[in-house]
Structures are given as C-alpha cells and as structure tokens.
$ cat protein.txt   # compact mmCIF, C-alpha atoms and all ligand atoms
# COMPACT_ATOMS: atom_id res chain seq x y z
CA MET A 925 -8.38 -1.45 33.35
CA ASP A 926 -6.44 -4.64 32.75
CA CYS A 927 -3.44 -3.35 30.80
CA ILE A 928 -0.11 -5.16 31.22
CA PHE A 929 1.96 -2.12 30.17
CA CYS A 930 0.10 0.15 32.63
CA LYS A 931 0.95 -2.41 35.32
CA ILE A 932 4.63 -2.38 34.29
CA VAL A 933 4.65 1.45 34.34
CA ALA A 934 3.05 1.37 37.81
CA GLY A 935 5.56 -1.22 39.06
CA GLU A 936 2.74 -3.72 39.60
CA ALA A 937 4.04 -6.24 37.05
CA PRO A 938 7.67 -7.32 36.62
CA ALA A 939 9.78 -6.06 33.72
CA ARG A 940 13.45 -5.36 33.02
CA ILE A 941 13.17 -1.58 33.05
CA VAL A 942 15.99 0.22 31.25
CA TYR A 943 14.77 3.80 31.60
CA ARG A 944 11.94 5.82 33.06
CA ASP A 945 11.00 9.45 33.57
CA ASP A 946 7.81 11.45 34.06
CA LEU A 947 6.57 10.78 30.52
CA VAL A 948 7.85 7.42 29.29
CA THR A 949 9.07 4.02 30.47
CA ALA A 950 11.37 1.66 28.54
CA PHE A 951 11.80 -2.05 29.24
CA HIS A 952 13.10 -5.19 27.52
CA ASP A 953 10.61 -7.12 25.41
CA LEU A 954 9.60 -10.46 26.95
CA ARG A 955 10.18 -12.28 23.63
CA PRO A 956 13.07 -10.41 21.97
CA ALA A 957 13.22 -10.49 18.16
CA ALA A 958 16.89 -9.40 18.21
CA PRO A 959 19.78 -9.06 20.71
CA VAL A 960 18.39 -5.61 21.61
CA HIS A 961 14.60 -5.36 21.75
CA ILE A 962 13.31 -2.60 23.99
CA LEU A 963 9.75 -1.29 24.23
CA ILE A 964 9.24 2.40 24.95
CA VAL A 965 5.77 3.33 26.19
CA PRO A 966 4.04 6.49 27.39
CA ASN A 967 3.33 6.36 31.12
CA ARG A 968 -0.20 7.50 30.37
CA HIS A 969 -2.49 4.84 28.88
CA VAL A 970 -3.07 5.48 25.17
CA ALA A 971 -4.35 2.41 23.31
CA THR A 972 -3.06 3.14 19.81
CA LEU A 973 -1.51 5.92 17.76
CA ASN A 974 -5.01 6.57 16.43
CA ASP A 975 -6.01 7.74 19.93
CA LEU A 976 -3.44 10.55 20.03
CA THR A 977 -4.70 14.07 20.67
CA PRO A 978 -2.78 17.39 20.47
CA ALA A 979 -2.29 17.11 24.25
CA ASP A 980 -0.09 14.06 23.64
CA GLU A 981 2.51 15.89 21.57
CA THR A 982 4.87 16.39 24.51
CA TRP A 983 5.49 12.75 25.17
CA SER A 984 5.17 11.53 21.57
CA GLY A 985 8.25 13.51 20.52
CA HIS A 986 9.97 12.40 23.71
CA LEU A 987 9.29 8.77 22.74
CA LEU A 988 11.46 9.15 19.62
CA GLU A 989 14.18 11.06 21.44
CA THR A 990 14.27 8.36 24.12
CA ALA A 991 14.61 5.68 21.42
CA ARG A 992 17.54 7.55 19.85
CA ARG A 993 19.29 7.92 23.21
CA LEU A 994 18.73 4.30 24.31
CA ALA A 995 20.01 3.06 20.93
CA ALA A 996 23.19 5.09 21.46
CA GLU A 997 23.54 3.75 25.02
CA GLN A 998 23.21 0.19 23.67
CA GLY A 999 25.99 0.92 21.20
CA LEU A 1000 23.71 0.61 18.17
CA THR A 1001 24.64 2.61 15.11
CA GLY A 1002 21.85 1.08 13.01
CA TYR A 1003 18.54 -0.12 14.36
CA ARG A 1004 14.84 -0.25 13.61
CA LEU A 1005 11.90 1.48 15.26
CA VAL A 1006 8.51 -0.18 14.82
CA LEU A 1007 5.13 1.11 15.90
CA ASN A 1008 2.28 -1.27 15.11
CA VAL A 1009 -1.15 0.39 14.94
CA GLY A 1010 -4.30 -1.69 15.45
CA ALA A 1011 -4.86 -5.42 15.11
CA GLU A 1012 -4.55 -5.21 11.34
CA GLY A 1013 -1.21 -3.44 11.81
CA GLY A 1014 0.10 -6.28 13.97
CA GLN A 1015 -0.52 -4.63 17.34
CA SER A 1016 -1.15 -7.19 20.08
CA VAL A 1017 -0.81 -5.07 23.25
CA PHE A 1018 -3.16 -2.12 23.21
CA HIS A 1019 -1.02 0.36 25.09
CA LEU A 1020 0.96 2.31 22.50
CA HIS A 1021 4.61 1.24 22.32
CA LEU A 1022 7.64 1.83 20.16
CA HIS A 1023 9.86 -1.20 19.46
CA LEU A 1024 13.59 -0.47 19.41
CA VAL A 1025 15.21 -3.44 17.66
CA GLY A 1026 18.87 -3.96 16.82
CA GLY A 1027 22.12 -5.73 17.53
CA ARG A 1028 22.00 -7.89 14.43
CA ARG A 1029 21.77 -7.29 10.71
CA LEU A 1030 18.11 -6.54 9.95
CA GLN A 1031 16.53 -7.42 6.63
CA SER A 1032 15.55 -4.53 4.44
CA HIS A 1033 11.87 -5.49 4.29
CA LEU A 1034 9.39 -4.11 6.80
CA GLY A 1035 8.66 -6.06 9.96
CA LEU A 1036 10.65 -7.31 12.90
CA ALA A 1037 11.94 -10.56 11.36
P1 LIG B 1101 2.91 -5.49 19.37
O1 LIG B 1101 2.71 -6.78 18.61
O2 LIG B 1101 1.67 -5.10 20.15
O3 LIG B 1101 3.47 -4.38 18.56
O4 LIG B 1101 4.04 -5.82 20.42
C1 LIG B 1101 3.80 -6.26 21.72
C2 LIG B 1101 5.12 -6.71 22.28
O5 LIG B 1101 5.01 -6.79 23.68
C3 LIG B 1101 5.58 -8.09 21.79
O6 LIG B 1101 6.86 -7.96 21.19
C4 LIG B 1101 5.61 -8.93 23.05
O7 LIG B 1101 6.69 -9.84 23.08
C5 LIG B 1101 5.71 -7.89 24.14
N1 LIG B 1101 5.08 -8.25 25.40
C6 LIG B 1101 3.84 -8.76 25.58
N2 LIG B 1101 3.56 -8.93 26.88
C7 LIG B 1101 4.67 -8.51 27.55
C8 LIG B 1101 5.00 -8.44 28.94
O8 LIG B 1101 4.22 -8.79 29.82
N3 LIG B 1101 6.23 -7.94 29.25
C9 LIG B 1101 7.13 -7.55 28.29
N4 LIG B 1101 8.32 -7.10 28.71
N5 LIG B 1101 6.84 -7.60 26.97
C10 LIG B 1101 5.64 -8.08 26.61
ZN ZN B 1102 -2.04 0.82 29.48
$ encode --input "protein.txt" --output "structure tokens" --more "lines below"
Ligand code: 5GP
Ligand code: ZN
Amino acid sequence: MDCIFCKIVAGEAPARIVYRDDLVTAFHDLRPAAPVHILIVPNRHVATLNDLTPADETWSGHLLETARRLAAEQGLTGYRLVLNVGAEGGQSVFHLHLHLVGGRRLQSHLGLA
C-alpha cells in the first residue's frame, strides 16, 4: 500500500517526529498552517474516521489525549484540533490524522485558516 503516513510511521519516509508510542505517532505538518501544526496519526493504517471499528477505541481515545499533552508541551493554552473526514470533508491524505494547530490567534470560524 502506498501510504505516506504509513511510511512515516515505519520510518521509511522522513518527517519531524515529535512523539511516538505503540499506538500513535505525531510529526510536524509539511506545510504548517500556524506556528504549531502537528499531525497525530494511529500507527495502524485506518483510511478515515468512517473506517473505525470498536477494536479501534483504544487508540482513538489515546489520539485525543496525545493532542492534549503535546499542546501543553508546546506551551499552547488555546489551540484547534481538526479531523477531516473524506474528500468532501477536506481530507487529502487517506490515513486518519488529527491536526493540532496553534501558536497564533485562530479565527472563530471552522477550518484551519
Ligand atoms: P488533510 O487535508 O488530509 O486533513 O491533511 C493532510 C495534511 O498532511 C496537510 O496539512 C499536508 O500539509 C500534510 N502532509 C501531506 N503530505 C505530507 C508529508 O509527506 N509529510 C508531512 N509531514 N505532512 C504531509
Ligand atoms: Zn497509512
């Protein structure tokens, strides 16, 4: 399978990794939308949130907890978490990922801009 995030998780493609454990990997976004823009992905390939099964509950909760902890480590008191689902939802990489965005004042409307 030709998945760039699987390759990053496997160490087969370069990325600025900020955290990894048995369940998730976090790395800086290639094209940051804000001073802090980190992607947190499950180590297991899951294309979209729509592909989640009950077996995925362990890491899906861990994804949020990791985002909270990384935000604290980055010194962010306010930040935004974004999870795009499907092409219509703005998803461009089909390996589920949570965007952690912050470090500047974010507009109140939805979206990364
Ligand atoms: P999506 O639009 O799917 O929610 O977000 C995909 C994100 O992945 C984009 O913000 C894009 O900049 C980022 N991205 C795409 N390819 C790579 C890559 O090879 N490495 C890293 N670090 N980020 C990537
Ligand atoms: Zn993948």
$ closest_atom_pairs --input "protein.txt" --of "chain A" --to "ligand ZN 1102 (chain B)" --cutoff "6 Å" --atoms "all atoms listed in the file" --output "Markdown table"
| residue | atom | partner | partner_atom | distance |
| --- | --- | --- | --- | --- |
| A:Cys927 | CA | B:ZN1102 | ZN | 4.6 |
| A:Phe929 | CA | B:ZN1102 | ZN | 5.0 |
| A:Cys930 | CA | B:ZN1102 | ZN | 3.9 |
| A:His969 | CA | B:ZN1102 | ZN | 4.1 |
| A:His1019 | CA | B:ZN1102 | ZN | 4.5 |
$ residues_near_ligand --input "protein.txt" --ligand "ligand LIG 1101 (chain B)" --cutoff "10 Å" --atoms "only C-alpha atoms and all ligand atoms" --output "NGL selection string"
:A and (927-929 or 931-932 or 937-941 or 950-957 or 961-963 or 972 or 1006-1011 or 1013-1023 or 1036)
$ residues_around --input "protein.txt" --residues "Leu987 (chain A)" --least-positions-apart "6" --cutoff "8 Å" --atoms "all atoms listed in the file" --output "list in words"
Val948, Ile964, Val965, Pro966 and Leu1022 of chain A
$ axis_aligned_box --input "protein.txt" --around "region 991-1007 of chain A" --padding-each-side "6 Å" --output "JSON"
{"center_x": 15.6, "center_y": 3.8, "center_z": 19.0, "size_x": 32.9, "size_y": 20.2, "size_z": 24.0}
$ closest_residue --input "protein.txt" --among "A:Arg1028, A:Ala979, A:Asn967, A:Leu1005" --to "Tyr943 (chain A)" --atoms "all atoms listed in the file"
A:Asn967
$ atom_distance --input "protein.txt" --atom1 "CA of Gln1031 (chain A)" --atom2 "CA of Arg993 (chain A)"
22.8 Å
$ closest_residue --input "protein.txt" --among "A:Leu947, A:Met925, A:Val1025, A:Val933" --to "His986 (chain A)" --atoms "all atoms listed in the file"
A:Leu947
$ atom_distance --input "protein.txt" --atom1 "CA of Asp946 (chain A)" --atom2 "CA of Arg992 (chain A)"
17.7 Å
$ atom_distance --input "protein.txt" --atom1 "CA of Tyr1003 (chain A)" --atom2 "CA of Leu976 (chain A)"
25.1 Å
